[in-house]
Every structure is written in C-alpha cells, then in structure tokens.
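Containing mmCIF, N, CA and C atoms: upload_15.cif.
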```
data_entry
loop_
_atom_site.label_atom_id
_atom_site.label_comp_id
_atom_site.auth_asym_id
_atom_site.auth_seq_id
_atom_site.Cartn_x
_atom_site.Cartn_y
_atom_site.Cartn_z
N MET A 1 -11.19 5.27 -31.69
CA MET A 1 -12.27 4.44 -31.18
C MET A 1 -13.51 4.74 -32.01
N ASN A 2 -14.11 3.71 -32.52
CA ASN A 2 -15.32 3.95 -33.28
C ASN A 2 -16.54 3.93 -32.35
N ARG A 3 -17.68 4.20 -32.90
CA ARG A 3 -18.90 4.35 -32.11
C ARG A 3 -19.29 3.06 -31.40
N SER A 4 -19.14 1.92 -32.07
CA SER A 4 -19.53 0.65 -31.45
C SER A 4 -18.64 0.32 -30.26
N GLN A 5 -17.35 0.66 -30.32
CA GLN A 5 -16.46 0.46 -29.17
C GLN A 5 -16.91 1.33 -27.99
N HIS A 6 -17.31 2.54 -28.29
CA HIS A 6 -17.77 3.44 -27.23
C HIS A 6 -19.07 2.94 -26.62
N ILE A 7 -19.96 2.44 -27.44
CA ILE A 7 -21.22 1.88 -26.94
C ILE A 7 -20.93 0.66 -26.07
N PHE A 8 -20.04 -0.23 -26.53
CA PHE A 8 -19.71 -1.43 -25.76
C PHE A 8 -19.08 -1.06 -24.42
N GLY A 9 -18.10 -0.18 -24.44
CA GLY A 9 -17.41 0.22 -23.21
C GLY A 9 -18.33 0.89 -22.21
N SER A 10 -19.10 1.85 -22.67
CA SER A 10 -20.02 2.54 -21.76
C SER A 10 -21.14 1.62 -21.31
N GLY A 11 -21.56 0.70 -22.17
CA GLY A 11 -22.58 -0.28 -21.78
C GLY A 11 -22.06 -1.22 -20.71
N LEU A 12 -20.81 -1.63 -20.84
CA LEU A 12 -20.19 -2.48 -19.83
C LEU A 12 -20.10 -1.77 -18.48
N VAL A 13 -19.69 -0.52 -18.49
CA VAL A 13 -19.61 0.27 -17.26
C VAL A 13 -21.01 0.45 -16.66
N PHE A 14 -22.00 0.68 -17.49
CA PHE A 14 -23.38 0.82 -17.02
C PHE A 14 -23.87 -0.48 -16.40
N ALA A 15 -23.55 -1.61 -17.03
CA ALA A 15 -23.96 -2.92 -16.48
C ALA A 15 -23.31 -3.17 -15.12
N VAL A 16 -22.04 -2.85 -15.00
CA VAL A 16 -21.36 -2.99 -13.71
C VAL A 16 -22.01 -2.06 -12.68
N GLY A 17 -22.33 -0.86 -13.10
CA GLY A 17 -23.00 0.09 -12.20
C GLY A 17 -24.35 -0.42 -11.73
N LEU A 18 -25.11 -1.02 -12.64
CA LEU A 18 -26.40 -1.61 -12.25
C LEU A 18 -26.20 -2.74 -11.24
N TRP A 19 -25.20 -3.58 -11.49
CA TRP A 19 -24.93 -4.69 -10.57
C TRP A 19 -24.51 -4.18 -9.20
N VAL A 20 -23.59 -3.23 -9.15
CA VAL A 20 -23.13 -2.67 -7.87
C VAL A 20 -24.29 -2.01 -7.13
N THR A 21 -25.13 -1.29 -7.84
CA THR A 21 -26.28 -0.65 -7.22
C THR A 21 -27.25 -1.69 -6.67
N TRP A 22 -27.52 -2.72 -7.44
CA TRP A 22 -28.41 -3.79 -6.98
C TRP A 22 -27.85 -4.46 -5.73
N VAL A 23 -26.55 -4.75 -5.74
CA VAL A 23 -25.92 -5.38 -4.57
C VAL A 23 -26.03 -4.46 -3.36
N SER A 24 -25.77 -3.18 -3.54
CA SER A 24 -25.81 -2.26 -2.40
C SER A 24 -27.22 -2.12 -1.81
N TYR A 25 -28.24 -2.28 -2.65
CA TYR A 25 -29.61 -2.16 -2.15
C TYR A 25 -30.19 -3.47 -1.62
N THR A 26 -29.51 -4.59 -1.86
CA THR A 26 -30.06 -5.86 -1.40
C THR A 26 -29.30 -6.46 -0.23
N GLN A 27 -28.20 -5.83 0.20
CA GLN A 27 -27.40 -6.38 1.30
C GLN A 27 -27.88 -5.85 2.64
N GLN A 28 -27.61 -6.65 3.66
CA GLN A 28 -27.98 -6.28 5.03
C GLN A 28 -26.72 -6.24 5.88
N PRO A 29 -26.64 -5.46 6.92
CA PRO A 29 -27.65 -4.56 7.44
C PRO A 29 -27.72 -3.27 6.61
N ALA A 30 -28.89 -2.75 6.47
CA ALA A 30 -29.14 -1.60 5.60
C ALA A 30 -28.31 -0.39 6.01
N GLU A 31 -28.10 -0.20 7.33
CA GLU A 31 -27.35 0.99 7.80
C GLU A 31 -25.92 0.97 7.28
N ALA A 32 -25.35 -0.23 7.14
CA ALA A 32 -23.97 -0.35 6.69
C ALA A 32 -23.81 0.02 5.22
N PHE A 33 -24.91 0.02 4.46
CA PHE A 33 -24.83 0.25 3.03
C PHE A 33 -25.41 1.59 2.61
N LEU A 34 -25.63 2.50 3.54
CA LEU A 34 -26.19 3.80 3.20
C LEU A 34 -25.25 4.59 2.28
N PHE A 35 -24.00 4.73 2.67
CA PHE A 35 -23.04 5.46 1.85
C PHE A 35 -22.80 4.77 0.51
N PRO A 36 -22.57 3.43 0.47
CA PRO A 36 -22.42 2.78 -0.83
C PRO A 36 -23.65 2.94 -1.73
N ARG A 37 -24.84 2.96 -1.14
CA ARG A 37 -26.05 3.15 -1.95
C ARG A 37 -26.05 4.52 -2.61
N LEU A 38 -25.65 5.51 -1.87
CA LEU A 38 -25.60 6.87 -2.41
C LEU A 38 -24.60 6.95 -3.56
N ILE A 39 -23.40 6.44 -3.34
CA ILE A 39 -22.37 6.48 -4.37
C ILE A 39 -22.78 5.64 -5.58
N ALA A 40 -23.32 4.44 -5.34
CA ALA A 40 -23.73 3.57 -6.44
C ALA A 40 -24.85 4.20 -7.26
N SER A 41 -25.79 4.86 -6.60
CA SER A 41 -26.90 5.49 -7.32
C SER A 41 -26.41 6.60 -8.23
N VAL A 42 -25.51 7.44 -7.73
CA VAL A 42 -24.95 8.51 -8.55
C VAL A 42 -24.16 7.91 -9.71
N PHE A 43 -23.36 6.88 -9.41
CA PHE A 43 -22.56 6.22 -10.44
C PHE A 43 -23.43 5.65 -11.56
N VAL A 44 -24.50 4.95 -11.20
CA VAL A 44 -25.34 4.31 -12.22
C VAL A 44 -26.08 5.36 -13.05
N VAL A 45 -26.46 6.47 -12.46
CA VAL A 45 -27.12 7.53 -13.23
C VAL A 45 -26.14 8.12 -14.25
N LEU A 46 -24.92 8.41 -13.81
CA LEU A 46 -23.93 8.98 -14.73
C LEU A 46 -23.52 7.98 -15.81
N ALA A 47 -23.38 6.70 -15.43
CA ALA A 47 -23.03 5.67 -16.41
C ALA A 47 -24.16 5.48 -17.42
N GLY A 48 -25.40 5.51 -16.94
CA GLY A 48 -26.55 5.39 -17.83
C GLY A 48 -26.64 6.56 -18.80
N TRP A 49 -26.34 7.74 -18.30
CA TRP A 49 -26.34 8.94 -19.13
C TRP A 49 -25.29 8.81 -20.24
N THR A 50 -24.09 8.37 -19.86
CA THR A 50 -23.02 8.20 -20.84
C THR A 50 -23.37 7.12 -21.87
N PHE A 51 -23.95 6.01 -21.40
CA PHE A 51 -24.35 4.94 -22.31
C PHE A 51 -25.44 5.44 -23.27
N GLY A 52 -26.41 6.16 -22.74
CA GLY A 52 -27.48 6.71 -23.58
C GLY A 52 -26.94 7.65 -24.65
N LYS A 53 -26.00 8.50 -24.26
CA LYS A 53 -25.39 9.42 -25.24
C LYS A 53 -24.62 8.64 -26.31
N ALA A 54 -23.96 7.56 -25.90
CA ALA A 54 -23.21 6.76 -26.86
C ALA A 54 -24.15 6.08 -27.85
N VAL A 55 -25.25 5.52 -27.36
CA VAL A 55 -26.22 4.84 -28.22
C VAL A 55 -26.84 5.83 -29.21
N MET A 56 -27.13 7.03 -28.75
CA MET A 56 -27.75 8.04 -29.62
C MET A 56 -26.74 8.76 -30.50
N GLY A 57 -25.45 8.49 -30.29
CA GLY A 57 -24.41 9.12 -31.10
C GLY A 57 -24.15 10.57 -30.73
N LEU A 58 -24.48 10.96 -29.52
CA LEU A 58 -24.32 12.35 -29.09
C LEU A 58 -23.01 12.62 -28.36
N SER A 59 -22.22 11.61 -28.11
CA SER A 59 -20.98 11.82 -27.36
C SER A 59 -19.79 11.88 -28.30
N LYS A 60 -18.79 12.61 -27.87
CA LYS A 60 -17.57 12.72 -28.67
C LYS A 60 -16.71 11.49 -28.39
N VAL A 61 -16.26 10.87 -29.42
CA VAL A 61 -15.47 9.65 -29.30
C VAL A 61 -14.01 9.99 -29.51
N GLY A 62 -13.16 9.56 -28.59
CA GLY A 62 -11.73 9.82 -28.69
C GLY A 62 -11.02 8.76 -29.50
N ASN A 63 -9.74 8.60 -29.23
CA ASN A 63 -8.92 7.65 -29.97
C ASN A 63 -8.95 6.25 -29.39
N GLY A 64 -9.51 6.08 -28.21
CA GLY A 64 -9.53 4.77 -27.58
C GLY A 64 -8.27 4.49 -26.81
N VAL A 65 -8.14 3.26 -26.35
CA VAL A 65 -6.99 2.84 -25.57
C VAL A 65 -6.07 2.03 -26.47
N THR A 66 -4.84 2.49 -26.57
CA THR A 66 -3.86 1.78 -27.39
C THR A 66 -3.30 0.59 -26.60
N ARG A 67 -2.61 -0.28 -27.30
CA ARG A 67 -1.99 -1.44 -26.64
C ARG A 67 -0.99 -0.99 -25.58
N ALA A 68 -0.20 0.02 -25.88
CA ALA A 68 0.79 0.52 -24.92
C ALA A 68 0.11 1.09 -23.67
N MET A 69 -0.98 1.82 -23.88
CA MET A 69 -1.72 2.37 -22.74
C MET A 69 -2.29 1.24 -21.88
N PHE A 70 -2.84 0.22 -22.51
CA PHE A 70 -3.41 -0.90 -21.78
C PHE A 70 -2.34 -1.63 -20.97
N ILE A 71 -1.17 -1.83 -21.57
CA ILE A 71 -0.07 -2.49 -20.86
C ILE A 71 0.38 -1.64 -19.67
N ASN A 72 0.36 -0.32 -19.80
CA ASN A 72 0.70 0.56 -18.67
C ASN A 72 -0.34 0.48 -17.57
N MET A 73 -1.60 0.28 -17.93
CA MET A 73 -2.68 0.21 -16.93
C MET A 73 -2.83 -1.17 -16.31
N LEU A 74 -2.31 -2.20 -16.95
CA LEU A 74 -2.52 -3.58 -16.52
C LEU A 74 -2.06 -3.87 -15.08
N PRO A 75 -0.89 -3.43 -14.63
CA PRO A 75 -0.51 -3.69 -13.23
C PRO A 75 -1.51 -3.09 -12.24
N GLY A 76 -1.96 -1.88 -12.51
CA GLY A 76 -2.95 -1.25 -11.64
C GLY A 76 -4.26 -1.99 -11.64
N LEU A 77 -4.67 -2.49 -12.79
CA LEU A 77 -5.91 -3.26 -12.89
C LEU A 77 -5.80 -4.56 -12.09
N ILE A 78 -4.67 -5.23 -12.20
CA ILE A 78 -4.46 -6.48 -11.47
C ILE A 78 -4.48 -6.23 -9.96
N ILE A 79 -3.77 -5.21 -9.51
CA ILE A 79 -3.74 -4.87 -8.08
C ILE A 79 -5.15 -4.52 -7.60
N THR A 80 -5.88 -3.77 -8.39
CA THR A 80 -7.24 -3.37 -8.02
C THR A 80 -8.16 -4.59 -7.90
N LEU A 81 -8.07 -5.51 -8.85
CA LEU A 81 -8.90 -6.71 -8.79
C LEU A 81 -8.58 -7.56 -7.56
N ILE A 82 -7.30 -7.71 -7.25
CA ILE A 82 -6.90 -8.46 -6.05
C ILE A 82 -7.44 -7.76 -4.80
N TYR A 83 -7.33 -6.44 -4.79
CA TYR A 83 -7.81 -5.65 -3.65
C TYR A 83 -9.32 -5.81 -3.46
N VAL A 84 -10.07 -5.66 -4.53
CA VAL A 84 -11.53 -5.68 -4.44
C VAL A 84 -12.06 -7.07 -4.12
N PHE A 85 -11.53 -8.09 -4.79
CA PHE A 85 -12.11 -9.42 -4.65
C PHE A 85 -11.48 -10.28 -3.56
N TRP A 86 -10.34 -9.87 -2.99
CA TRP A 86 -9.75 -10.70 -1.96
C TRP A 86 -9.19 -9.90 -0.77
N ALA A 87 -8.32 -8.96 -1.04
CA ALA A 87 -7.53 -8.34 0.03
C ALA A 87 -8.36 -7.54 1.02
N ALA A 88 -9.31 -6.74 0.56
CA ALA A 88 -10.08 -5.91 1.48
C ALA A 88 -10.83 -6.75 2.50
N LYS A 89 -11.33 -7.88 2.07
CA LYS A 89 -12.08 -8.74 2.98
C LYS A 89 -11.16 -9.60 3.84
N SER A 90 -10.09 -10.09 3.26
CA SER A 90 -9.19 -11.00 3.97
C SER A 90 -8.25 -10.28 4.93
N LEU A 91 -7.74 -9.14 4.54
CA LEU A 91 -6.77 -8.42 5.35
C LEU A 91 -7.38 -7.28 6.16
N GLY A 92 -8.59 -6.91 5.85
CA GLY A 92 -9.20 -5.73 6.46
C GLY A 92 -9.04 -4.56 5.51
N PHE A 93 -10.00 -3.66 5.56
CA PHE A 93 -10.04 -2.55 4.60
C PHE A 93 -8.80 -1.67 4.67
N TYR A 94 -8.42 -1.23 5.85
CA TYR A 94 -7.32 -0.27 5.97
C TYR A 94 -5.96 -0.91 5.71
N THR A 95 -5.78 -2.15 6.14
CA THR A 95 -4.52 -2.85 5.86
C THR A 95 -4.37 -3.08 4.36
N ALA A 96 -5.42 -3.58 3.74
CA ALA A 96 -5.38 -3.83 2.30
C ALA A 96 -5.22 -2.52 1.51
N THR A 97 -5.88 -1.48 1.96
CA THR A 97 -5.75 -0.18 1.29
C THR A 97 -4.33 0.33 1.38
N THR A 98 -3.72 0.19 2.54
CA THR A 98 -2.33 0.63 2.71
C THR A 98 -1.41 -0.12 1.76
N ILE A 99 -1.54 -1.43 1.72
CA ILE A 99 -0.68 -2.25 0.87
C ILE A 99 -0.92 -1.94 -0.60
N ALA A 100 -2.18 -1.92 -1.03
CA ALA A 100 -2.51 -1.68 -2.44
C ALA A 100 -2.06 -0.28 -2.88
N PHE A 101 -2.32 0.72 -2.05
CA PHE A 101 -1.94 2.09 -2.42
C PHE A 101 -0.43 2.21 -2.53
N PHE A 102 0.29 1.61 -1.58
CA PHE A 102 1.76 1.68 -1.61
C PHE A 102 2.31 1.00 -2.86
N ILE A 103 1.75 -0.16 -3.21
CA ILE A 103 2.21 -0.88 -4.41
C ILE A 103 1.91 -0.06 -5.66
N LEU A 104 0.69 0.46 -5.77
CA LEU A 104 0.34 1.28 -6.94
C LEU A 104 1.21 2.52 -7.04
N LEU A 105 1.44 3.16 -5.91
CA LEU A 105 2.29 4.35 -5.89
C LEU A 105 3.71 3.98 -6.32
N SER A 106 4.20 2.85 -5.86
CA SER A 106 5.55 2.41 -6.23
C SER A 106 5.66 2.08 -7.72
N ILE A 107 4.60 1.51 -8.28
CA ILE A 107 4.61 1.15 -9.70
C ILE A 107 4.57 2.39 -10.58
N TYR A 108 3.69 3.34 -10.25
CA TYR A 108 3.44 4.46 -11.15
C TYR A 108 4.21 5.74 -10.80
N ASP A 109 4.86 5.80 -9.66
CA ASP A 109 5.66 6.97 -9.30
C ASP A 109 6.92 6.98 -10.16
N PRO A 110 7.17 8.07 -10.88
CA PRO A 110 8.35 8.10 -11.75
C PRO A 110 9.67 8.29 -10.99
N ALA A 111 9.62 8.55 -9.69
CA ALA A 111 10.85 8.73 -8.92
C ALA A 111 11.67 7.44 -8.95
N PRO A 112 12.98 7.55 -8.88
CA PRO A 112 13.82 6.35 -8.98
C PRO A 112 13.60 5.40 -7.80
N HIS A 113 13.58 4.10 -8.10
CA HIS A 113 13.39 3.10 -7.06
C HIS A 113 14.67 2.82 -6.28
N SER A 114 15.77 3.35 -6.75
CA SER A 114 17.04 3.13 -6.08
C SER A 114 17.33 4.18 -5.00
N ALA A 115 16.55 5.24 -4.94
CA ALA A 115 16.79 6.32 -3.98
C ALA A 115 15.94 6.11 -2.72
N ALA A 116 16.59 6.15 -1.57
CA ALA A 116 15.88 5.99 -0.29
C ALA A 116 14.87 7.11 -0.08
N LYS A 117 15.21 8.31 -0.56
CA LYS A 117 14.32 9.47 -0.39
C LYS A 117 12.96 9.22 -1.05
N SER A 118 12.95 8.58 -2.22
CA SER A 118 11.68 8.32 -2.91
C SER A 118 10.84 7.30 -2.14
N TRP A 119 11.47 6.31 -1.49
CA TRP A 119 10.74 5.33 -0.70
C TRP A 119 10.16 5.97 0.56
N ILE A 120 10.90 6.87 1.15
CA ILE A 120 10.38 7.59 2.33
C ILE A 120 9.19 8.44 1.92
N LYS A 121 9.31 9.11 0.78
CA LYS A 121 8.21 9.94 0.27
C LYS A 121 6.97 9.08 0.00
N ARG A 122 7.15 7.92 -0.59
CA ARG A 122 6.01 7.02 -0.85
C ARG A 122 5.36 6.56 0.46
N GLY A 123 6.20 6.27 1.45
CA GLY A 123 5.67 5.86 2.75
C GLY A 123 4.87 6.96 3.42
N ILE A 124 5.35 8.18 3.34
CA ILE A 124 4.63 9.33 3.93
C ILE A 124 3.32 9.57 3.19
N ILE A 125 3.37 9.55 1.86
CA ILE A 125 2.15 9.76 1.07
C ILE A 125 1.12 8.68 1.38
N THR A 126 1.55 7.43 1.48
CA THR A 126 0.63 6.33 1.80
C THR A 126 0.02 6.50 3.17
N THR A 127 0.84 6.88 4.15
CA THR A 127 0.35 7.09 5.51
C THR A 127 -0.69 8.20 5.57
N VAL A 128 -0.42 9.30 4.89
CA VAL A 128 -1.37 10.42 4.88
C VAL A 128 -2.66 10.02 4.17
N PHE A 129 -2.53 9.31 3.05
CA PHE A 129 -3.71 8.87 2.30
C PHE A 129 -4.60 7.98 3.16
N VAL A 130 -4.02 6.99 3.83
CA VAL A 130 -4.81 6.07 4.64
C VAL A 130 -5.39 6.80 5.85
N ALA A 131 -4.66 7.75 6.42
CA ALA A 131 -5.19 8.54 7.53
C ALA A 131 -6.40 9.35 7.10
N VAL A 132 -6.34 9.93 5.92
CA VAL A 132 -7.49 10.69 5.39
C VAL A 132 -8.66 9.75 5.13
N MET A 133 -8.39 8.58 4.54
CA MET A 133 -9.45 7.59 4.31
C MET A 133 -10.11 7.18 5.63
N TYR A 134 -9.30 6.92 6.64
CA TYR A 134 -9.84 6.53 7.95
C TYR A 134 -10.68 7.66 8.53
N GLY A 135 -10.16 8.89 8.44
CA GLY A 135 -10.90 10.03 8.96
C GLY A 135 -12.24 10.21 8.26
N LEU A 136 -12.25 10.04 6.93
CA LEU A 136 -13.49 10.19 6.18
C LEU A 136 -14.47 9.07 6.46
N PHE A 137 -14.03 7.82 6.30
CA PHE A 137 -14.94 6.69 6.40
C PHE A 137 -15.32 6.34 7.83
N ALA A 138 -14.35 6.21 8.72
CA ALA A 138 -14.64 5.74 10.08
C ALA A 138 -15.14 6.86 10.98
N MET A 139 -14.57 8.03 10.87
CA MET A 139 -14.91 9.11 11.80
C MET A 139 -16.05 10.00 11.29
N LEU A 140 -15.94 10.48 10.08
CA LEU A 140 -16.91 11.46 9.58
C LEU A 140 -18.19 10.80 9.06
N LEU A 141 -18.06 9.77 8.22
CA LEU A 141 -19.23 9.18 7.58
C LEU A 141 -19.77 7.95 8.31
N ASN A 142 -19.02 7.40 9.25
CA ASN A 142 -19.40 6.19 9.98
C ASN A 142 -19.79 5.06 9.04
N VAL A 143 -18.94 4.84 8.03
CA VAL A 143 -19.18 3.81 7.03
C VAL A 143 -18.60 2.48 7.51
N TYR A 144 -19.37 1.40 7.33
CA TYR A 144 -18.87 0.07 7.64
C TYR A 144 -17.81 -0.30 6.61
N THR A 145 -16.68 -0.79 7.10
CA THR A 145 -15.62 -1.28 6.21
C THR A 145 -15.29 -2.72 6.60
N PRO A 146 -14.86 -3.55 5.65
CA PRO A 146 -14.50 -4.93 5.99
C PRO A 146 -13.38 -4.96 7.02
N ARG A 147 -13.57 -5.75 8.07
CA ARG A 147 -12.56 -5.85 9.13
C ARG A 147 -12.12 -7.30 9.25
N GLU A 148 -10.83 -7.51 9.28
CA GLU A 148 -10.30 -8.86 9.49
C GLU A 148 -9.05 -8.78 10.33
N ILE A 149 -7.90 -9.09 9.79
CA ILE A 149 -6.68 -9.28 10.55
C ILE A 149 -6.31 -8.08 11.43
N LEU A 150 -6.03 -6.96 10.84
CA LEU A 150 -5.58 -5.83 11.65
C LEU A 150 -6.73 -4.88 11.98
N PHE A 151 -7.25 -4.23 10.98
CA PHE A 151 -8.43 -3.37 11.19
C PHE A 151 -9.01 -3.07 9.86
#
```
Please lay out the structure from this file as structure tokens.
Amino acid sequence: MNRSQHIFGSGLVFAVGLWVTWVSYTQQPAEAFLFPRLIASVFVVLAGWTFGKAVMGLSKVGNGVTRAMFINMLPGLIITLIYVFWAAKSLGFYTATTIAFFILLSIYDPAPHSAAKSWIKRGIITTVFVAVMYGLFAMLLNVYTPREILF
C-alpha cells in the first residue's frame, strides 16, 4: 500500500467518523444518544489522529488489502451493511444481531458445516454473545436500541 492509498483509506474512515458523530449529536431524544455520542467522539478523535499521521507521512504503511483478502471480507461486509441499514431497524436490534452474528459465525468459522456439533457450538456462542450484548446495553448502560418485531 502506498502513501496515497493510506491517506485515502484513513480519510474515508475519518469522514465516516465525522458523519456518525454529527448524526449522534443532532438526533433526539438526547438521552438515547449519550452512549453513541461517547463512542462516536472517541472514534472520530482516533480516526482523525490516524488521518493526520497519514497526511504527514508519520504512519507505517503495510501491504494493503489484496484481492483475495477483500473477497474473504466481502460476505461479512455485505451482512454488516444489511444489518446496519435495514435489519436492526426492521427486525429489532437483538433479533437482527442474533441473525447477523450467527450468519457471520457460520461463514467464518472453520469448523465443518456438515457436523451437528459445530452447529450446536455456533448456536451456543451466538446465544452467549447476544446475552452479553443485552446485559451490557439494556441492563448496565441503559442504551436505547431499535425495537421492532421481537425486541
């Protein structure tokens, strides 16, 4: 990866961070966006720092993303985009999270898809993950999450 690719990539992430931060600070009710504001603010500061280092040439540049790596990441990117822009709002945060996490785990888990034991393991991991998410967001942090069909 050359320097201009690093500047473009980090600049794009910084721009997204600015947009997410702006959205989190302009949405109502304000109480529902306290946690997202905190996370977005930290994210935009770190993204800005990385972008600044790239522009000044102070960051170490790696090899970049190869075509094979991008093809490996593409299913996860597609699932994430569907989750963010449609599923979380339409199905509810926890239902969509359960489905998306299970699909991602099934795609990237190297365990054989023909073994029942691996499917049981994926189901248990998904259940524990969503339970932890629920405990953190709903119980501990009292964060507003999109609610629709199930919860």
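With the shown file loaded, the PyMOL selection byres (((chain A and resi 97 and name CA) around 10) and name CA) picks out Thr80, Tyr83, Val84, Ala87, Ala88, Leu91, Gly92, Phe93, Tyr94, Thr95, Ala96, Thr98, Ile99, Ala100, Phe101, Phe102, Ile103, Thr126, Phe129, Val130 and Met133 of chain A.
Here CA of Val128 (chain A) and atom N of Leu34 (chain A) stand 25.6 Å from one another.
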Check your understanding: Can you tell me, as an NGL selection string, what residues are no more than 8 Å from Phe14 (chain A) when counting only N, CA and C atoms, ignoring any on the same chain fewer than 2 positions away?
Key -> :A and (8-12 or 16-20 or 43-51)
Review point. For Asn63 (chain A), which of A:Ile120, A:Phe85, A:Ser90, A:Asn2 is the closest residue, counting only N, CA and C atoms?
Key: A:Asn2
Let me have the centre and edge lengths of the axis-aligned box enclosing all listed atoms of region 91-106 of chain A with 5 Å padding on every side, in Å to one decimal, as JSON.
```
{"center_x": -2.2, "center_y": -2.4, "center_z": -0.6, "size_x": 25.7, "size_y": 23.5, "size_z": 24.2}
```
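Closest approach to Leu104 (chain A) from the set A:Ile7, A:Leu77, A:Leu136, A:Ile124 is made by A:Leu77, with distances taken over only C-alpha atoms.
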Apply the PyMOL selection byres ((chain A and resi 62) around 8) to the structure shown and report the selected residues as a PDB file with N, CA and C atoms, in the coordinates of the input.
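What follows is the written file expr.pdb:
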```pdb
ATOM      1  N   MET A   1     -11.190   5.270 -31.690  1.00  0.00           N
ATOM      2  CA  MET A   1     -12.270   4.440 -31.180  1.00  0.00           C
ATOM      3  C   MET A   1     -13.510   4.740 -32.010  1.00  0.00           C
ATOM      4  N   ASN A   2     -14.110   3.710 -32.520  1.00  0.00           N
ATOM      5  CA  ASN A   2     -15.320   3.950 -33.280  1.00  0.00           C
ATOM      6  C   ASN A   2     -16.540   3.930 -32.350  1.00  0.00           C
ATOM      7  N   HIS A   6     -17.310   2.540 -28.290  1.00  0.00           N
ATOM      8  CA  HIS A   6     -17.770   3.440 -27.230  1.00  0.00           C
ATOM      9  C   HIS A   6     -19.070   2.940 -26.620  1.00  0.00           C
ATOM     10  N   SER A  59     -22.220  11.610 -28.110  1.00  0.00           N
ATOM     11  CA  SER A  59     -20.980  11.820 -27.360  1.00  0.00           C
ATOM     12  C   SER A  59     -19.790  11.880 -28.300  1.00  0.00           C
ATOM     13  N   LYS A  60     -18.790  12.610 -27.870  1.00  0.00           N
ATOM     14  CA  LYS A  60     -17.570  12.720 -28.670  1.00  0.00           C
ATOM     15  C   LYS A  60     -16.710  11.490 -28.390  1.00  0.00           C
ATOM     16  N   VAL A  61     -16.260  10.870 -29.420  1.00  0.00           N
ATOM     17  CA  VAL A  61     -15.470   9.650 -29.300  1.00  0.00           C
ATOM     18  C   VAL A  61     -14.010   9.990 -29.510  1.00  0.00           C
ATOM     19  N   ASN A  63      -9.740   8.600 -29.230  1.00  0.00           N
ATOM     20  CA  ASN A  63      -8.920   7.650 -29.970  1.00  0.00           C
ATOM     21  C   ASN A  63      -8.950   6.250 -29.390  1.00  0.00           C
ATOM     22  N   GLY A  64      -9.510   6.080 -28.210  1.00  0.00           N
ATOM     23  CA  GLY A  64      -9.530   4.770 -27.580  1.00  0.00           C
ATOM     24  C   GLY A  64      -8.270   4.490 -26.810  1.00  0.00           C
ATOM     25  N   VAL A  65      -8.140   3.260 -26.350  1.00  0.00           N
ATOM     26  CA  VAL A  65      -6.990   2.840 -25.570  1.00  0.00           C
ATOM     27  C   VAL A  65      -6.070   2.030 -26.470  1.00  0.00           C
TER      28      VAL A  65
END
```
**Study point:** Point-to-point distance in Å for atom N of Phe70 (chain A) and CA of Ile125 (chain A)
**Key:**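 Going from CA of Ile125 (chain A) over to atom N of Phe70 (chain A) covers 25.9 Å.
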Point to revise | Those in chain A with alpha helix (DSSP H) from DSSP, as number ranges by chain | key: A: 3-26, 34-56, 67-82, 88-91, 93-108, 116-134
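Picture a line from CA of Ala68 (chain A) to CA of Pro110 (chain A); it runs 17.0 Å.
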Check your understanding: In terms of the shortest atom-to-atom distance over all atoms listed in the file, which of A:Ile78, A:Ala115, A:Leu105, A:Val143 is closest to Phe35 (chain A)?
Key -> A:Val143
Test item: residues at most 6.5 Å from Phe33 (chain A), only N, CA and C atoms, excluding those fewer than 4 positions along its chain, as a compact mmCIF listing (two decimals) with N, CA and C atoms, in the frame of the given file:
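Output (selection28.txt):
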```
# COMPACT_ATOMS: atom_id res chain seq x y z
N SER A 24 -25.77 -3.18 -3.54
CA SER A 24 -25.81 -2.26 -2.40
C SER A 24 -27.22 -2.12 -1.81
N PRO A 29 -26.64 -5.46 6.92
CA PRO A 29 -27.65 -4.56 7.44
C PRO A 29 -27.72 -3.27 6.61
N ARG A 37 -24.84 2.96 -1.14
CA ARG A 37 -26.05 3.15 -1.95
C ARG A 37 -26.05 4.52 -2.61
N LEU A 38 -25.65 5.51 -1.87
CA LEU A 38 -25.60 6.87 -2.41
C LEU A 38 -24.60 6.95 -3.56
N TYR A 144 -19.37 1.40 7.33
CA TYR A 144 -18.87 0.07 7.64
C TYR A 144 -17.81 -0.30 6.61
```
